[in-house]
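Heads up: the structure comes next, in structure tokens.
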Amino acid sequence: MMTSDDVAELGERLWNWRVCTSFRTADDIPRVPHDPLWLPDFSPEAIDERRAERARFAEQWAAIDVTAADVATQIDHRLLGSVLARVGWECDDLPSWRFDAHFLVGQVVGPYFDLLLPRPPFSAERQAGILHSLTAIPGQLEQARANLEGHGVADLARIAIGELEAIDERLAASVAALAPHLAERVHAEATEAAAVAGAALVSFREWLDASLPGFGPSVAIGRERFIRYLRTVALIADEPEHLVAAAEQEYRRAVVWEALAKNAHPERPEPFATIDDQLARQRADEQAMRAFAERSALLSQEGYGHYHVHPVPAYVEPLHWFGVNDDLTDYDRPGVDGLAYTPDPGPGLPYFYAANAIDPRLGIIHEGAHYQQLVRAWSHENALRRHYYDSIANEGIAFYNEEMMLQAGLFDDAPASRNVVHNFNRLRSLRVVVDVNLATGRFTLEQGVRAFVERVPMDDATAREETAFYLATPGLGMSYLVGKLQLMRMLADAIERSTGPFDFRAFHDWVWKNGNLPFSLQRWELLGDRSEVDALDAFDEVDARGAFDARGSQGPLA
């Protein structure tokens, strides 16, 4: 009979392989620690090798019979199935490596950018990685161009073209600002490599622009593939239409409460006068919020690091759009404080930065919640639960934390901030509507744009960029609200089953620690309720086996 040791041993080998062969991500939650010399390989040959290795792992995974094992082992086994399904999703169901210029530019420039995010000092290994990533850019661009030939999508290429505006100057400025942090020889070589890389990026941008007429339109992945993602990667049993209906209801609720709050308190505070004022307030607020969580018995704080904001470094600012500007640490760096970089306060700031510039708590309740959840998960005694599986649970926890802190009274002294939290809910609810309807083909690109323009409201250019991005990355936009609603459903059931005063601290401590697990699995382990797992098991087994088919599916995006 197979044991938990068999699952753990397979999981260790699978994750070692997965970390080495994964794509680079611009998001902060899926980031994994890499050797500084690591580069993503997105060549067709590498994808073929990945498919074959995935098939071998899937065979070993299927051979492990855990039906008589304890619940924790069964859950760990299902987590490994989710990893294997995601590899298939990335290689075949949603082959961004083949059609998405925006994604490929991130694979090329992203490794350099990611090495900039942790605070100085820059170790010798990190300096070598910076030089290596810059030197590799021209060759990586040649591979990206080869991938896009005959497969590129015009809307996504336009996003990449915008990202690469004046890229040679921006890359040079980033490397120049590294001078105080790099050895003199390394900086000189990096400067030369940046000049070559910058010229190659300009040439690639010009090629994209010239190729636009021959690139294809954005195409939805379709309902069948999207359901396969829900069932096998995210482990969600709900139908897409149910997710949209729930989001529409949440959207209406947010619209009403925001309007009511604005009616009572229409004023909006001025942003901080200086970045130093904002940083000082953020540090004080972070400490006060920790005390508030302890005093309110919401979440344990003792023994966990801090989440602070810092000015954007001069070597990050020229390329700041290549990823989330933060460092939430990772499972190789326990005990290190989390950080985020923020621009100077003032007019014209992007949406979330503008909110933080009037009340830093509005950032702490989300990004700070990410940090607190991840540091707990990365120290989990079960190594398989330290890893990223899908964003829905992580984003759901952070989004839930926003409204939980609002309802607990954190913003009783700040009516304008309460208004902003309602607006956060409004925007993220609408993202579900657009994301899911785009994925299933119920919305065209233009209908998605119109939804953002008319219902947020949002300017047409921003709405078009966001809609094209969601069309290319189905499941990401919906993750915040879908995860939050799953968490609240589990919490409500836990409260109803409680025989005395409900222990929110114990509940939150457990969920935060296990926050990398899909909520269907959390519900099974925490409440002993496997109804959602049973619904997943009832999913069409032919489709489920198809998620592990080494050949992959070859649909309109392939």
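Each chain of the structure tokens is named A, B, ... in the order shown, its residues numbered from 1; ligands are numbered from 1 in display order.
Non-sequential neighbours of Phe443 in chain A (distance at most 12 Å, separation of 5 or more positions within a chain, only C-alpha atoms) are A:Ser218, A:Val219, A:Ala220, A:Ile221, A:Gly222, A:Arg223, A:Val433, A:Val434, A:Asp435, A:Val436, A:Asn437, A:Leu438, A:Gly448, A:Val449, A:Arg450, A:Ala451, A:Thr467, A:Ala468, A:Tyr470, A:Leu471.
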Residues from last step as file, C-alpha atoms, as a PDB file, in the first residue's frame:
```pdb
ATOM      1  CA  SER A 218      -7.520  37.393 -29.884  1.00  0.00           C
ATOM      2  CA  VAL A 219      -9.421  34.115 -29.543  1.00  0.00           C
ATOM      3  CA  ALA A 220     -11.258  32.822 -26.483  1.00  0.00           C
ATOM      4  CA  ILE A 221     -10.106  29.497 -25.096  1.00  0.00           C
ATOM      5  CA  GLY A 222     -13.733  28.380 -24.968  1.00  0.00           C
ATOM      6  CA  ARG A 223     -15.981  26.979 -22.280  1.00  0.00           C
ATOM      7  CA  VAL A 433     -17.733  39.110 -15.249  1.00  0.00           C
ATOM      8  CA  VAL A 434     -15.279  40.137 -17.955  1.00  0.00           C
ATOM      9  CA  ASP A 435     -12.695  37.420 -17.318  1.00  0.00           C
ATOM     10  CA  VAL A 436     -15.090  34.468 -17.301  1.00  0.00           C
ATOM     11  CA  ASN A 437     -17.267  35.715 -20.158  1.00  0.00           C
ATOM     12  CA  LEU A 438     -14.181  36.307 -22.301  1.00  0.00           C
ATOM     13  CA  GLY A 448     -15.177  43.337 -22.479  1.00  0.00           C
ATOM     14  CA  VAL A 449     -13.801  46.793 -23.216  1.00  0.00           C
ATOM     15  CA  ARG A 450     -17.266  48.331 -23.063  1.00  0.00           C
ATOM     16  CA  ALA A 451     -17.998  46.653 -19.730  1.00  0.00           C
ATOM     17  CA  THR A 467      -9.366  43.244 -21.512  1.00  0.00           C
ATOM     18  CA  ALA A 468      -6.727  41.941 -23.932  1.00  0.00           C
ATOM     19  CA  TYR A 470      -7.555  38.888 -19.427  1.00  0.00           C
ATOM     20  CA  LEU A 471      -8.353  37.286 -22.769  1.00  0.00           C
TER      21      LEU A 471
END
```
- Message: Just want the 7 Å neighbourhood of range 358-370 of chain A, counted on only C-alpha atoms, with same-chain residues fewer than 2 positions away dropped. Output as a list in words.
- Response: Pro269, Glu270, Pro271, Phe272, Gln282, Asp285, Glu286, Tyr307, Ala354, Ala355, Asn356, Gln372, Gln373, Leu374, Ala398, Phe399, Asn401, Glu402 and Ser417 of chain A
- Grab the CA of Pro334 in chain A to CA of Trp378 in chain A distance for me, in Å with one decimal place. 7.4 Å
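Counting from CA of Ala166 in chain A, the distance to CA of Pro118 in chain A is 25.2 Å.
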- Message: Considering only helix (DSSP H, G or I) as DSSP defines it on the backbone, what residues of range 32-63 of chain A qualify? List them as a PyMOL selection string.
- Response: chain A and resi 44-63
Take the residues just selected and output them with C-alpha atoms as a PDB file, in the first residue's frame.
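Okay, this is what ended up in part_37.pdb:
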```pdb
ATOM      1  CA  PRO A  44       9.354  24.406 -28.869  1.00  0.00           C
ATOM      2  CA  GLU A  45      11.978  21.773 -28.092  1.00  0.00           C
ATOM      3  CA  ALA A  46      11.818  22.623 -24.384  1.00  0.00           C
ATOM      4  CA  ILE A  47       8.017  22.455 -24.480  1.00  0.00           C
ATOM      5  CA  ASP A  48       8.185  18.997 -26.074  1.00  0.00           C
ATOM      6  CA  GLU A  49      10.556  17.825 -23.327  1.00  0.00           C
ATOM      7  CA  ARG A  50       8.205  19.289 -20.726  1.00  0.00           C
ATOM      8  CA  ARG A  51       5.240  17.416 -22.182  1.00  0.00           C
ATOM      9  CA  ALA A  52       7.141  14.134 -22.135  1.00  0.00           C
ATOM     10  CA  GLU A  53       8.361  14.591 -18.567  1.00  0.00           C
ATOM     11  CA  ARG A  54       4.893  15.613 -17.446  1.00  0.00           C
ATOM     12  CA  ALA A  55       3.541  12.376 -18.928  1.00  0.00           C
ATOM     13  CA  ARG A  56       6.109  10.364 -16.967  1.00  0.00           C
ATOM     14  CA  PHE A  57       5.231  12.158 -13.736  1.00  0.00           C
ATOM     15  CA  ALA A  58       1.515  11.722 -14.441  1.00  0.00           C
ATOM     16  CA  GLU A  59       1.988   7.978 -14.817  1.00  0.00           C
ATOM     17  CA  GLN A  60       3.782   7.790 -11.464  1.00  0.00           C
ATOM     18  CA  TRP A  61       1.132  10.002  -9.873  1.00  0.00           C
ATOM     19  CA  ALA A  62      -1.711   7.827 -11.158  1.00  0.00           C
ATOM     20  CA  ALA A  63       0.028   4.701  -9.832  1.00  0.00           C
TER      21      ALA A  63
END
```
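Remark: for Lys262 in chain A, the closest of the candidate residues A:Pro415, A:Gly81, A:Pro95, A:Pro36 is A:Pro415 (distances computed over only C-alpha atoms).
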- Query: From the list A:Leu260, A:Leu201, A:Ile495, A:Ala416, which residue is nearest Gln140 in chain A when using only C-alpha atoms?
  - Reply: A:Leu201
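Between Ile397 in chain A and the residues A:His508, A:Arg119, A:Arg205, A:Arg170, the shortest atom-to-atom distance, using only C-alpha atoms, involves A:His508.
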- Item | Secondary structure check, strand (DSSP E) residues of range 322-496 of chain A, as a ChimeraX atom specification | /A:326-327,338-342
Preceding selection exported with C-alpha atoms as a tab-separated table (two decimals), in the first residue's frame:
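Writing the result to out.tsv gives the following:
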```
chain	number	residue	atom	x	y	z
A	326	ASP	CA	7.52	44.07	-4.37
A	327	ASP	CA	9.47	41.32	-2.67
A	338	GLY	CA	8.33	41.80	3.02
A	339	LEU	CA	8.46	45.02	1.05
A	340	ALA	CA	6.79	46.93	-1.75
A	341	TYR	CA	8.08	49.86	-3.76
A	342	THR	CA	5.86	52.90	-4.13
```
- Distance CA of Leu141 in chain A-CA of Gly110 in chain A, one decimal place? 12.4 Å
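Once range 186-199 of chain A and its same-chain neighbours fewer than 6 positions away are set aside, Leu131, Leu134, Thr135, Ile137, Pro138, Ile167, Asp168, Leu171, Ala172, Val175 and Ala179 of chain A remain within 7 Å of it when counting only C-alpha atoms.
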- Task: Write out as a PyMOL selection string each polymer residue whose atoms come within 9 Å of Tyr251 in chain A, counting only C-alpha atoms; drop sequence neighbours fewer than 6 positions from it.
- Result: chain A and resi 425-430
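Shortest separation to Phe502 in chain A among A:Ala297, A:Gln486, A:Met405, A:Arg31 occurs at residue A:Ala297, atoms counted being only C-alpha atoms.
Of the residues listed (A:Val105, A:Leu115, A:Met478, A:Ala383), A:Val105 shows the shortest atom-to-atom separation from Asn147 in chain A; distances use only C-alpha atoms.
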- Query: Which is closer to Glu12 in chain A than all the others in A:Arg98, A:Pro213, A:Leu80, A:Asp344, using only C-alpha atoms?
  - Reply: A:Leu80
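Near range 407-409 of chain A, within 12 Å and counting only C-alpha atoms, sit Met289, Phe292, Ala293, Arg295, Ser296, Ala297, Leu298, Tyr400, Asn401, Glu402, Glu403, Met404, Asp412, Asp413, Ala414, Pro415, Ser417, Arg418, Val421, His422 and Phe504 of chain A; same-chain residues fewer than 3 positions away were not included.
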Keeping only C-alpha atoms, write the selected residues as an mmCIF file, in the first residue's frame.
```
data_model
loop_
_atom_site.group_PDB
_atom_site.id
_atom_site.type_symbol
_atom_site.label_atom_id
_atom_site.label_comp_id
_atom_site.auth_asym_id
_atom_site.auth_seq_id
_atom_site.Cartn_x
_atom_site.Cartn_y
_atom_site.Cartn_z
ATOM 1 C CA MET A 289 -2.879 47.208 12.284
ATOM 2 C CA PHE A 292 -5.617 45.854 15.967
ATOM 3 C CA ALA A 293 -5.598 42.249 14.664
ATOM 4 C CA ARG A 295 -6.679 43.106 20.060
ATOM 5 C CA SER A 296 -9.636 41.999 17.949
ATOM 6 C CA ALA A 297 -8.526 38.334 18.079
ATOM 7 C CA LEU A 298 -8.526 38.154 14.273
ATOM 8 C CA TYR A 400 -11.399 38.812 1.976
ATOM 9 C CA ASN A 401 -8.996 40.487 4.396
ATOM 10 C CA GLU A 402 -9.899 43.908 2.942
ATOM 11 C CA GLU A 403 -13.588 43.643 3.784
ATOM 12 C CA MET A 404 -12.958 41.700 6.976
ATOM 13 C CA ASP A 412 -14.091 53.701 11.429
ATOM 14 C CA ASP A 413 -11.858 56.772 11.592
ATOM 15 C CA ALA A 414 -11.597 57.146 7.799
ATOM 16 C CA PRO A 415 -14.892 57.367 5.858
ATOM 17 C CA SER A 417 -11.069 54.874 2.975
ATOM 18 C CA ARG A 418 -14.273 52.905 3.519
ATOM 19 C CA VAL A 421 -12.719 49.502 -0.083
ATOM 20 C CA HIS A 422 -16.208 49.390 -1.598
ATOM 21 C CA PHE A 504 -11.860 33.816 14.338
#
```
